Amino acid sequence: MRHRRIAMGLALAFGLALAGCLVVGDSIIWWGDGRADLIVYNSSDCDLLVYVDGRYEVRLDENEMEVIEDIDEGDHIIEAYYERNSDLVLVKRRHIHIDDNEDRYVNIDEC
């Protein structure tokens, strides 16, 4: 019986390791996939287009959030635009630095 509990505990620990998390008490710690993610939240009153380093990434409606996965380490430029007629109007430009496996959060609250 004791060996069965040990085996089950080891199987559970191995399964959690494969899932990318560690249970400590009643908390779960995620260590991710080794790549940084950029979490962008649009708290403004308009729909926005988000670009990272000049490349279109995502359209965000007002009060919407999106995760842009696997951002490389280094310096990046985040830009948010809204469409007026057929023109793009720059709302916000932010320079950020991302370290390896560091998730970053950007809030866009104006338009």
# chains A, B, ... in the order shown; residues from 1 in each chain; ligands from 1

call {"tool": "residues_around", "arguments": {"residues": "segment 71-84 of chain A", "least_positions_apart": "3", "cutoff": "7 Å", "atoms": "only C-alpha atoms", "output": "PyMOL selection string"}}
result
chain A and resi 35-38+47-53+87-100

call {"tool": "select_by_dssp", "arguments": {"residues": "segment 53-89 of chain A", "states": "strand (DSSP E)", "output": "PyMOL selection string"}}
result
chain A and resi 55-60+64-71+74-84+87-89

call {"tool": "atom_distance", "arguments": {"atom1": "atom CA of Glu110 of chain A", "atom2": "atom CA of Arg55 of chain A"}}
result
20.9 Å

call {"tool": "atom_distance", "arguments": {"atom1": "atom CA of Asn101 of chain A", "atom2": "atom CA of Glu66 of chain A"}}
result
17.7 Å

call {"tool": "atom_distance", "arguments": {"atom1": "atom CA of Tyr41 of chain A", "atom2": "atom CA of Ser86 of chain A"}}
result
23.6 Å
